[in-house]
Amino acid sequence: MSLKDNKLARLAKERRERNKGGVFEEPTIEDRLGRLEEEIRRLKIEYDVYFNGGTKRPPYDSKMRVESHLKRLGDDRTLNFAQRYHYNSLATRYASFRELWRRTLQGREEGRDVSAAARASHRQPVVPFTRSEFSCGDVRHDVRTVKSVYDALIEAKRSCGEATRDLSFAKFHRLIVERTENLKGQVGSDRVAFSIAVEGGHVSFKAKADK
């Protein structure tokens, strides 16, 4: 675990302790996005359990809670570009799950086999990945380029069957800002080149000074 992760964990623990003591802190946008992501993950598990016969009733209460959370965040005009991108990614993921659940429920009502549809929610499309390169002079403010780097990295991970759930755009942006600031200090260059490739079935992600 990095020093930054330790710091974030410590701050979260301190916030929980203050809340226990009756001093309530308004959750940040990042906190709310993280909570929404976790709620979607849990709802998917609840639907998987239901479709596999573990429960008799679909998790409608949890579904309504997720959709309420999505609406509140979607209506929040204080989200910055990175937060809005993260939100849109979560909303798109939820919409795809909801459509799958709808089709599966419809198939069950019509007496068709739903096991294949239920298993489909676990699969990621595997497609060949083409090496990608990007150059950026200001990773902190050039969000569009950093987003392109992020999208390419996610595509590369999916082509290898690697998990992408834990790498949100907001988290990736923070990491890139930290690493490139250190790199600039070492080489004295303001521009950084990123390369993403798949080598031997694994993702290769590199950053170097772009002189």
# chains A, B, ... in the order shown; residues from 1 in each chain; ligands from 1
>>> residues_around(residues="Ser135 in chain A", least_positions_apart="6", cutoff="7 Å", atoms="only C-alpha atoms", output="VMD selection string")
chain A and resid 191 to 194
>>> closest_residue(among="A:Gly137, A:Pro59, A:Gly74, A:Gly54", to="Asp190 in chain A", atoms="only C-alpha atoms")
A:Gly137
>>> atom_distance(atom1="CA of Pro58 in chain A", atom2="CA of Asp166 in chain A")
26.3 Å
>>> closest_residue(among="A:Phe51, A:Val203, A:Gly161, A:Asp75", to="Arg103 in chain A", atoms="only C-alpha atoms")
A:Phe51
>>> atom_distance(atom1="CA of Val139 in chain A", atom2="CA of Ala209 in chain A")
12.7 Å
>>> atom_distance(atom1="CA of Val149 in chain A", atom2="CA of Ala163 in chain A")
17.0 Å
